[in-house]
Each structure stands twice: as structure tokens, then as C-alpha cells.
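Engineer: First the structure, which I've put down as C-alpha cells, then a few questions once you've had a look.
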Amino acid sequence: MIKTDIFKNSDSRQIKDKKGPFSVIEYSKLTTPYEQAANAYFAMQLNLRRKIVTAELDGSKGVLLQAGAMKMMLGDIQMSADIKGGWDFIKKAASSAVTKESLAKPKYTGSGILVLEPTFKHILLEDLRDWKNSMVIEDGLFLACEDTVDISIQIRKQLAAGILGGEGWVNSKLSGSGIVALESPVPREELVEIELQNDAVKIDGNYAIAWSSSLDFTIEKASKSILGSAVSSEGLVNVYRGTGKILAILK
């Protein structure tokens with residue numbers, strides 16, 4: 001039997017969010033060596049606080065983590081590779097080759113508490129039910145999810161345009177049911193949520209960090225005419241069409 005006060009709020013740490021098995025613990029105070037005190041102080045002033053994500057397992061479901069994210073396992077927890085045979089290995093190897101994600105996500109099952117490595121990034125806990133059971137994310141955002149979530153890739157239709165626009169040509173797709181934990185460059189309250197109903201959104205740059213997989217995503221010229229693009233100083237823009245929603249950074 002294991003007892004821990006990891007979920008007990010204190011003067012230095014508080015539980016900031018909780019969904020499904022995941023909890024986000026944020027440190028409001030940070031003790032560092034003297035040599036790092038100045039950097040730690042200014043990080044706190046910019047709302048860059050150390051966070052730890054935990055996952056409570058009760059034996060009914062497992063979780064998948066980004067490779068290298070696990071810090072501690074409390075209880076009877078087993079780890080295995082989330083690869084279901086040779087064809088699954090080939091698909092995940094191809095996915096890893098074109099994204100920044102690891103080849104295979106370690107799968108943890110059993111009963112106990114998983115503690116992930118600390119991070120200064122902002123944690124988003126998203127329920128796939130709020131995304132009609134499927135969302136696409138920018139590379140490098142994935143941290144963890146329940147093992148009921150399927151991780152695959154979504155290929156952009158305009159490969160050449162994507163490469164020329166510097167946006168790449170594939171993204172990670174999360175589908176199924178369950179909670180996913182993402183590492184965002186900004187906190188949730190600084191993201192804007194855009195809902196589309198048979199409409200279109202054009203964004204200059206990769207400021208959209210997540211969007212519904214139901215949206216038709218293309219990269220197009222900002223203006224239909226060459227003169228229009230020259231006058232506006234805008235070249236290629238990301239275009240999202242259809243019905244769904246987008247999480248985007250404004251600043």
C-alpha cells in the first residue's frame with residue numbers, strides 16, 4: 001500500500017486542472033540553486049511556472065505517454081510498447097519519420113499513480129468528445145492520452161504547398177474517446193476558440209495549434225491575383241474550411 005500527499009494543495013503547489021485520469025499540479029513557488037535564482041524569478045513573472053502532470057490508473061484503462069515523459073511510477077504499474085504487430089510498427093515508423101513524435105508511445109497499465117517529468121509549458125487537458133471524437137494537433141504538442149485514443153497521421157492534400165509554406169505536410173491526429181494532455185506554448189486562457197459552420201478561416205502562419213479533423217485544411221495564396229498578394233505583402237496562408245473548431249494563438 002502506498003500513501004502520498006502529491007495531490008494535497010499547499011503554499012507551493014496546487015492542482016490547477018483535472019480531467020479523467022490526469023491532474024495538472026502547478027508550483028506557485030520554486031526553490032532553485034542560487035545561481036539560477038534570477039532566471040527562476042523572471043520565469044515566474046512571465047507566468048512560466050513549473051508543472052507536473054500525473055495519471056491515476058485504476059486497472060480499467062491505461063495511458064500512453066510521449067517517450068521519455070515518465071518520471072515516477074507509484075504502485076503496480078507495467079509498461080509496454082504500444083505496437084500491435086509488424087504492420088503497426090511500419091505505420092508508426094512512417095509516422096515518426098515525418099513528425100516530431102516518437103516512434104512508439106510507451107503504454108502504462110495497472111493500478112497506481114504515474115508522475116510525469118516537470119515542464120514549464122502550459123498543459124491543455126482536452127476531451128475528444130468536445131472535438132466530435134477527432135482532432136489534429138501541431139507537431140510537438142502531444143504529451144499523454146488514455147489508451148482508448150488512437151494516434152495516427154493526417155496528410156495534407158497540397159503537399160508541395162505545405163512544404164513551400166514551411167508548414168510541413170503531415171500532422172498528428174488523435175481520434176476515439178478519452179482525454180488527451182497537450183503541451184501548449186501559451187495558457188488555455190490566451191488561446192482563442194473559433195467555431196466554423198460551413199465556413200472558412202484563413203490564418204497567416206502556424207498559429208492554429210489544434211483543429212477538428214473534419215475541417216478541410218489547405219494552404220493557399222492570400223489573394224487570387226499575383227498583384228493582390230504583392231500589394232498585401234502576404235504570400236501563402238493556412239485555410240480551414242467546413243464545420244468544426246480551431247484553437248489558435250492570437251499574439
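Letters A, B, ... mark the chains of the C-alpha cells in the order given; residue numbers begin at 1 per chain; ligand numbers begin at 1, in order shown.
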Considering only C-alpha atoms, return as an mmCIF file with N, CA and C atoms, in the first residue's frame whatever protein or nucleic-acid residues lie within 12 Å of range 130-136 of chain A, sequence-local ones (same chain, fewer than 2 positions apart) excluded.

Structural biologist:
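Listed below is the output, result-v5.cif:
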data_model
loop_
_atom_site.group_PDB
_atom_site.id
_atom_site.type_symbol
_atom_site.label_atom_id
_atom_site.label_comp_id
_atom_site.auth_asym_id
_atom_site.auth_seq_id
_atom_site.Cartn_x
_atom_site.Cartn_y
_atom_site.Cartn_z
ATOM 1 N N LEU A 125 -5.769 19.956 -21.099
ATOM 2 C CA LEU A 125 -6.456 18.670 -20.984
ATOM 3 C C LEU A 125 -7.723 18.756 -21.820
ATOM 4 N N GLU A 126 -7.758 18.017 -22.927
ATOM 5 C CA GLU A 126 -8.869 18.096 -23.868
ATOM 6 C C GLU A 126 -9.619 16.771 -23.921
ATOM 7 N N ASP A 127 -10.941 16.855 -23.874
ATOM 8 C CA ASP A 127 -11.811 15.678 -24.002
ATOM 9 C C ASP A 127 -12.196 15.551 -25.476
ATOM 10 N N LEU A 128 -11.880 14.409 -26.089
ATOM 11 C CA LEU A 128 -12.169 14.244 -27.505
ATOM 12 C C LEU A 128 -13.658 14.321 -27.827
ATOM 13 N N GLU A 138 -0.652 20.309 -33.896
ATOM 14 C CA GLU A 138 0.661 20.631 -34.428
ATOM 15 C C GLU A 138 1.700 19.700 -33.803
ATOM 16 N N ASP A 139 2.782 19.480 -34.520
ATOM 17 C CA ASP A 139 3.836 18.599 -34.036
ATOM 18 C C ASP A 139 4.432 19.122 -32.734
ATOM 19 N N GLY A 140 4.791 18.204 -31.852
ATOM 20 C CA GLY A 140 5.445 18.557 -30.604
ATOM 21 C C GLY A 140 4.514 18.869 -29.460
ATOM 22 N N LEU A 141 3.185 18.863 -29.683
ATOM 23 C CA LEU A 141 2.241 19.195 -28.614
ATOM 24 C C LEU A 141 1.849 17.987 -27.770
ATOM 25 N N PHE A 142 1.917 16.783 -28.337
ATOM 26 C CA PHE A 142 1.416 15.608 -27.617
ATOM 27 C C PHE A 142 2.260 15.310 -26.380
ATOM 28 N N THR A 148 -7.530 4.594 -24.946
ATOM 29 C CA THR A 148 -8.693 4.481 -25.841
ATOM 30 C C THR A 148 -8.584 5.457 -27.012
ATOM 31 N N VAL A 149 -7.528 6.257 -27.017
ATOM 32 C CA VAL A 149 -7.289 7.230 -28.088
ATOM 33 C C VAL A 149 -6.340 6.613 -29.118
ATOM 34 N N ASP A 150 -6.700 6.747 -30.381
ATOM 35 C CA ASP A 150 -5.857 6.261 -31.472
ATOM 36 C C ASP A 150 -5.017 7.410 -32.016
ATOM 37 N N ILE A 151 -3.718 7.174 -32.149
ATOM 38 C CA ILE A 151 -2.801 8.204 -32.649
ATOM 39 C C ILE A 151 -2.363 7.819 -34.058
ATOM 40 N N SER A 152 -2.608 8.696 -35.011
ATOM 41 C CA SER A 152 -2.234 8.435 -36.399
ATOM 42 C C SER A 152 -1.754 9.748 -37.018
ATOM 43 N N ILE A 153 -1.627 9.772 -38.340
ATOM 44 C CA ILE A 153 -1.219 10.998 -39.011
ATOM 45 C C ILE A 153 -2.298 11.419 -40.003
ATOM 46 N N GLN A 154 -2.380 12.711 -40.236
ATOM 47 C CA GLN A 154 -3.275 13.242 -41.262
ATOM 48 C C GLN A 154 -2.418 13.972 -42.292
ATOM 49 N N ILE A 155 -2.521 13.534 -43.545
ATOM 50 C CA ILE A 155 -1.706 14.091 -44.611
ATOM 51 C C ILE A 155 -2.446 15.248 -45.265
ATOM 52 N N ARG A 156 -1.739 16.330 -45.457
ATOM 53 C CA ARG A 156 -2.341 17.486 -46.115
ATOM 54 C C ARG A 156 -2.466 17.210 -47.615
ATOM 55 N N VAL A 170 2.329 16.825 -42.873
ATOM 56 C CA VAL A 170 1.545 15.901 -42.058
ATOM 57 C C VAL A 170 1.392 16.464 -40.650
ATOM 58 N N ASN A 171 0.354 16.016 -39.968
ATOM 59 C CA ASN A 171 0.135 16.362 -38.563
ATOM 60 C C ASN A 171 -0.340 15.133 -37.813
ATOM 61 N N SER A 172 -0.202 15.159 -36.501
ATOM 62 C CA SER A 172 -0.692 14.068 -35.668
ATOM 63 C C SER A 172 -2.197 14.189 -35.496
ATOM 64 N N LYS A 173 -2.885 13.062 -35.608
ATOM 65 C CA LYS A 173 -4.343 13.017 -35.472
ATOM 66 C C LYS A 173 -4.692 12.138 -34.284
ATOM 67 N N LEU A 174 -5.548 12.648 -33.400
ATOM 68 C CA LEU A 174 -5.993 11.925 -32.211
ATOM 69 C C LEU A 174 -7.484 11.653 -32.357
ATOM 70 N N SER A 175 -7.867 10.395 -32.331
ATOM 71 C CA SER A 175 -9.276 10.053 -32.532
ATOM 72 C C SER A 175 -9.701 8.960 -31.560
ATOM 73 N N GLY A 176 -11.028 8.822 -31.412
ATOM 74 C CA GLY A 176 -11.573 7.845 -30.472
ATOM 75 C C GLY A 176 -12.249 8.550 -29.318
ATOM 76 N N SER A 177 -12.079 8.012 -28.131
ATOM 77 C CA SER A 177 -12.664 8.623 -26.932
ATOM 78 C C SER A 177 -11.609 8.685 -25.849
ATOM 79 N N GLY A 178 -11.731 9.689 -24.992
ATOM 80 C CA GLY A 178 -10.781 9.810 -23.895
ATOM 81 C C GLY A 178 -10.213 11.207 -23.777
ATOM 82 N N ILE A 179 -9.327 11.377 -22.807
ATOM 83 C CA ILE A 179 -8.692 12.651 -22.503
ATOM 84 C C ILE A 179 -7.268 12.649 -23.062
ATOM 85 N N VAL A 180 -6.873 13.781 -23.649
ATOM 86 C CA VAL A 180 -5.505 13.944 -24.127
ATOM 87 C C VAL A 180 -4.871 15.128 -23.403
ATOM 88 N N LEU A 182 -1.933 17.960 -23.757
ATOM 89 C CA LEU A 182 -1.083 18.624 -24.747
ATOM 90 C C LEU A 182 -0.218 19.674 -24.065
ATOM 91 N N GLU A 193 -10.806 30.233 -29.277
ATOM 92 C CA GLU A 193 -11.513 29.107 -29.883
ATOM 93 C C GLU A 193 -12.434 29.640 -30.967
ATOM 94 N N GLU A 195 -15.237 28.574 -33.855
ATOM 95 C CA GLU A 195 -16.152 27.542 -34.335
ATOM 96 C C GLU A 195 -16.624 27.883 -35.737
ATOM 97 N N ALA A 208 -2.564 28.238 -35.551
ATOM 98 C CA ALA A 208 -3.557 27.251 -35.117
ATOM 99 C C ALA A 208 -2.796 26.047 -34.570
ATOM 100 N N ILE A 209 -3.033 25.716 -33.302
ATOM 101 C CA ILE A 209 -2.289 24.604 -32.710
ATOM 102 C C ILE A 209 -3.100 23.312 -32.697
ATOM 103 N N ALA A 210 -4.437 23.424 -32.855
ATOM 104 C CA ALA A 210 -5.295 22.240 -32.895
ATOM 105 C C ALA A 210 -6.573 22.584 -33.640
ATOM 106 N N TRP A 211 -7.111 21.593 -34.367
ATOM 107 C CA TRP A 211 -8.344 21.817 -35.106
ATOM 108 C C TRP A 211 -9.072 20.497 -35.323
ATOM 109 N N SER A 212 -10.361 20.587 -35.586
ATOM 110 C CA SER A 212 -11.162 19.392 -35.826
ATOM 111 C C SER A 212 -10.696 18.713 -37.110
ATOM 112 N N SER A 213 -10.595 17.377 -37.073
ATOM 113 C CA SER A 213 -10.152 16.654 -38.266
ATOM 114 C C SER A 213 -11.199 16.700 -39.368
ATOM 115 N N SER A 214 -12.410 17.131 -39.038
ATOM 116 C CA SER A 214 -13.463 17.256 -40.047
ATOM 117 C C SER A 214 -13.237 18.456 -40.966
ATOM 118 N N LEU A 215 -12.363 19.372 -40.572
ATOM 119 C CA LEU A 215 -12.102 20.551 -41.387
ATOM 120 C C LEU A 215 -11.189 20.203 -42.556
ATOM 121 N N ASP A 216 -11.465 20.779 -43.694
ATOM 122 C CA ASP A 216 -10.633 20.619 -44.884
ATOM 123 C C ASP A 216 -9.512 21.644 -44.797
ATOM 124 N N PHE A 217 -8.278 21.175 -44.631
ATOM 125 C CA PHE A 217 -7.134 22.056 -44.396
ATOM 126 C C PHE A 217 -6.276 22.137 -45.651
ATOM 127 N N TYR A 240 -8.800 26.779 -43.400
ATOM 128 C CA TYR A 240 -9.587 25.723 -42.775
ATOM 129 C C TYR A 240 -11.041 25.914 -43.203
ATOM 130 N N THR A 243 -17.005 22.412 -41.156
ATOM 131 C CA THR A 243 -17.646 22.529 -39.851
ATOM 132 C C THR A 243 -16.748 21.893 -38.791
ATOM 133 N N GLY A 244 -16.459 22.653 -37.764
ATOM 134 C CA GLY A 244 -15.576 22.172 -36.703
ATOM 135 C C GLY A 244 -15.092 23.348 -35.886
ATOM 136 N N LYS A 245 -13.969 23.160 -35.205
ATOM 137 C CA LYS A 245 -13.426 24.267 -34.405
ATOM 138 C C LYS A 245 -11.900 24.270 -34.443
ATOM 139 N N ILE A 246 -11.344 25.414 -34.053
ATOM 140 C CA ILE A 246 -9.908 25.645 -34.102
ATOM 141 C C ILE A 246 -9.470 26.279 -32.785
ATOM 142 N N LEU A 247 -8.319 25.879 -32.280
ATOM 143 C CA LEU A 247 -7.662 26.580 -31.186
ATOM 144 C C LEU A 247 -6.467 27.313 -31.771
#

Engineer: Please report, as CSV, each residue of range 132-152 of chain A lying at most 10 Å from range 54-61 of chain A, together with the nearest pair of atoms and the separation in Å rounded to one decimal; use only C-alpha atoms, and order rows by chain and ascending residue number.

Structural biologist:
residue,atom,partner,partner_atom,distance
A:Ala144,CA,A:Ala55,CA,9.1
A:Cys145,CA,A:Ala55,CA,9.4
A:Glu146,CA,A:Lys61,CA,7.1
A:Asp147,CA,A:Lys61,CA,6.7
A:Thr148,CA,A:Lys61,CA,7.8

Engineer: If we count only C-alpha atoms, what is near Val201 in chain A at a cut-off of 9 Å, once residues fewer than 2 positions away on the same chain are taken out, given as an NGL selection string?

Structural biologist: :A and (194 or 196 or 199 or 203 or 238-241)

Engineer: Can you work out which one of A:Lys3, A:Val237, A:Tyr27, A:Asn9 has the shortest atom-to-atom distance to Pro118 in chain A, counting only C-alpha atoms?

Structural biologist: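 Between A:Lys3, A:Val237, A:Tyr27, A:Asn9, the residue approaching Pro118 in chain A most closely is A:Tyr27.
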
Engineer: What is the distance, in Å and to one decimal place, between CA of Leu65 in chain A and CA of Arg50 in chain A?

Structural biologist: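 Spanning CA of Leu65 in chain A to CA of Arg50 in chain A is a straight-line distance of 18.8 Å.
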
Engineer: Give the answer as one residue: which of A:Phe7, A:Phe22, A:Tyr41, A:Tyr34 has the shortest atom-to-atom distance to Ile123 in chain A, using only C-alpha atoms?

Structural biologist: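 The closest residue to Ile123 in chain A is A:Phe22.
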
Engineer: DSSP on the backbone: what in range 1-244 of chain A comes out alpha helix (DSSP H), as an MDAnalysis selection string?

Structural biologist: chainID A and resid 37:45 86:98 159:164 226:232

Engineer: Please produce a file of those selected residues containing N, CA and C atoms, as a CSV table (one decimal), in the first residue's frame.

Structural biologist:
chain,number,residue,atom,x,y,z
A,37,ALA,N,18.6,31.6,-9.6
A,37,ALA,CA,17.5,32.4,-8.9
A,37,ALA,C,17.0,33.5,-9.8
A,38,ALA,N,17.9,34.2,-10.5
A,38,ALA,CA,17.4,35.3,-11.4
A,38,ALA,C,16.5,34.7,-12.5
A,39,ASN,N,16.9,33.7,-13.2
A,39,ASN,CA,16.1,33.1,-14.2
A,39,ASN,C,14.8,32.6,-13.7
A,40,ALA,N,14.8,32.0,-12.5
A,40,ALA,CA,13.6,31.5,-11.9
A,40,ALA,C,12.6,32.6,-11.6
A,41,TYR,N,13.2,33.7,-11.1
A,41,TYR,CA,12.3,34.8,-10.7
A,41,TYR,C,11.6,35.4,-12.0
A,42,PHE,N,12.4,35.7,-13.0
A,42,PHE,CA,11.8,36.3,-14.2
A,42,PHE,C,10.8,35.3,-14.9
A,43,ALA,N,11.1,34.0,-14.8
A,43,ALA,CA,10.2,33.0,-15.4
A,43,ALA,C,8.8,33.1,-14.7
A,44,MET,N,8.8,33.2,-13.3
A,44,MET,CA,7.6,33.3,-12.6
A,44,MET,C,6.8,34.6,-12.9
A,45,GLN,N,7.6,35.7,-13.2
A,45,GLN,CA,6.9,36.9,-13.5
A,45,GLN,C,6.2,36.8,-14.9
A,86,GLY,N,3.7,-6.3,-36.8
A,86,GLY,CA,4.6,-5.8,-37.8
A,86,GLY,C,4.0,-4.6,-38.6
A,87,TRP,N,2.8,-4.7,-39.1
A,87,TRP,CA,2.2,-3.6,-39.9
A,87,TRP,C,2.0,-2.4,-39.0
A,88,ASP,N,1.7,-2.5,-37.8
A,88,ASP,CA,1.5,-1.4,-36.9
A,88,ASP,C,2.9,-0.7,-36.7
A,89,PHE,N,3.9,-1.5,-36.6
A,89,PHE,CA,5.3,-1.0,-36.5
A,89,PHE,C,5.7,-0.1,-37.7
A,90,ILE,N,5.3,-0.7,-38.9
A,90,ILE,CA,5.7,0.1,-40.1
A,90,ILE,C,4.9,1.4,-40.2
A,91,LYS,N,3.6,1.4,-39.8
A,91,LYS,CA,2.9,2.6,-39.9
A,91,LYS,C,3.4,3.6,-38.9
A,92,LYS,N,3.8,3.2,-37.7
A,92,LYS,CA,4.3,4.1,-36.7
A,92,LYS,C,5.7,4.6,-37.0
A,93,ALA,N,6.5,3.8,-37.7
A,93,ALA,CA,7.8,4.2,-38.1
A,93,ALA,C,7.7,5.3,-39.2
A,94,ALA,N,6.7,5.1,-40.1
A,94,ALA,CA,6.5,6.1,-41.1
A,94,ALA,C,6.0,7.4,-40.5
A,95,SER,N,5.1,7.3,-39.5
A,95,SER,CA,4.6,8.5,-38.8
A,95,SER,C,5.7,9.2,-38.1
A,96,SER,N,6.6,8.5,-37.4
A,96,SER,CA,7.7,9.1,-36.7
A,96,SER,C,8.6,9.8,-37.6
A,97,ALA,N,8.8,9.3,-38.8
A,97,ALA,CA,9.8,9.8,-39.8
A,97,ALA,C,9.3,11.2,-40.3
A,98,VAL,N,8.0,11.5,-40.3
A,98,VAL,CA,7.6,12.8,-40.8
A,98,VAL,C,7.0,13.7,-39.8
A,159,LEU,N,0.7,18.8,-50.8
A,159,LEU,CA,2.0,18.5,-50.3
A,159,LEU,C,3.0,19.6,-50.7
A,160,ALA,N,3.0,20.0,-51.9
A,160,ALA,CA,4.0,20.9,-52.4
A,160,ALA,C,3.8,22.3,-51.7
A,161,ALA,N,2.5,22.7,-51.6
A,161,ALA,CA,2.2,24.0,-51.0
A,161,ALA,C,2.6,24.0,-49.5
A,162,GLY,N,2.4,22.9,-48.8
A,162,GLY,CA,2.8,22.8,-47.4
A,162,GLY,C,4.2,22.9,-47.2
A,163,ILE,N,5.0,22.2,-48.1
A,163,ILE,CA,6.5,22.3,-47.9
A,163,ILE,C,7.0,23.7,-48.3
A,164,LEU,N,6.5,24.3,-49.3
A,164,LEU,CA,6.9,25.6,-49.7
A,164,LEU,C,6.5,26.7,-48.7
A,226,ILE,N,-1.8,37.7,-58.4
A,226,ILE,CA,-0.4,37.9,-58.0
A,226,ILE,C,-0.2,39.3,-57.5
A,227,LEU,N,-0.9,40.3,-58.2
A,227,LEU,CA,-0.9,41.7,-57.8
A,227,LEU,C,-1.4,41.9,-56.4
A,228,GLY,N,-2.5,41.2,-56.1
A,228,GLY,CA,-3.1,41.3,-54.8
A,228,GLY,C,-2.2,40.8,-53.7
A,229,SER,N,-1.5,39.7,-53.9
A,229,SER,CA,-0.6,39.2,-53.0
A,229,SER,C,0.6,40.1,-52.8
A,230,ALA,N,1.1,40.7,-53.9
A,230,ALA,CA,2.2,41.6,-53.8
A,230,ALA,C,1.9,42.9,-53.0
A,231,VAL,N,0.7,43.4,-53.2
A,231,VAL,CA,0.3,44.6,-52.5
A,231,VAL,C,0.1,44.4,-51.0
A,232,SER,N,-0.5,43.2,-50.7
A,232,SER,CA,-0.8,42.9,-49.3
A,232,SER,C,0.5,42.4,-48.5

Engineer: In Å, how far is it from CA of Lys19 in chain A to CA of Ala181 in chain A?

Structural biologist: 9.4 Å

Engineer: A:Ala248, A:Leu64, A:Ala69, A:Val186: which is nearest Leu46 in chain A, counting only C-alpha atoms?

Structural biologist: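 Under the stated criterion, the closest residue is A:Val186.
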
Engineer: Do you know which residues are at most 12 Å from Pro106 in chain A counting only C-alpha atoms, after dropping those on the same chain fewer than 2 positions away, and could you put them as a list in words?

Structural biologist: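 Counting only the stated atoms, we get Gly62, Val63, Leu64, Leu65, Gln66, Ala67, Gly68, Ala69, Met70, Gln78, Met79, Ser80, Ala81, Asp82, Ile83, Ser102, Leu103, Ala104, Tyr108, Thr109, Leu143, Ala144, Cys145, Glu146 and Asp147 of chain A.
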
Engineer: Quick one: residues within 9 Å of Arg49 in chain A, only C-alpha atoms, excluding same-chain residues fewer than 6 positions away - as a PyMOL selection string?

Structural biologist: chain A and resi 26-30+40+43+119-122

Engineer: Store the residues picked out above in a file with C-alpha atoms, as a compact mmCIF listing (two decimals), in the first residue's frame.

Structural biologist:
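part.txt, freshly written:
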# COMPACT_ATOMS: atom_id res chain seq x y z
CA GLU A 26 1.39 23.76 -10.71
CA TYR A 27 4.10 25.20 -8.46
CA SER A 28 3.45 28.78 -7.34
CA LYS A 29 6.80 28.88 -5.56
CA LEU A 30 10.01 27.47 -6.93
CA ALA A 40 13.57 31.45 -11.94
CA ALA A 43 10.17 32.99 -15.38
CA THR A 119 7.64 21.10 -17.65
CA PHE A 120 7.37 24.88 -17.96
CA LYS A 121 4.99 24.56 -20.90
CA HIS A 122 1.26 25.07 -20.43

Engineer: Determine the nearest neighbour of Leu114 in chain A from the options A:Ile25, A:Met73, A:Leu250, A:Arg13, counting only C-alpha atoms.

Structural biologist: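 Ranking A:Ile25, A:Met73, A:Leu250, A:Arg13 by distance to Leu114 in chain A, first place goes to A:Met73.
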
Engineer: How far is it from CA of Ile77 in chain A to CA of Ser12 in chain A, in Å with one decimal?

Structural biologist: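 CA of Ser12 in chain A lies 28.2 Å from CA of Ile77 in chain A.
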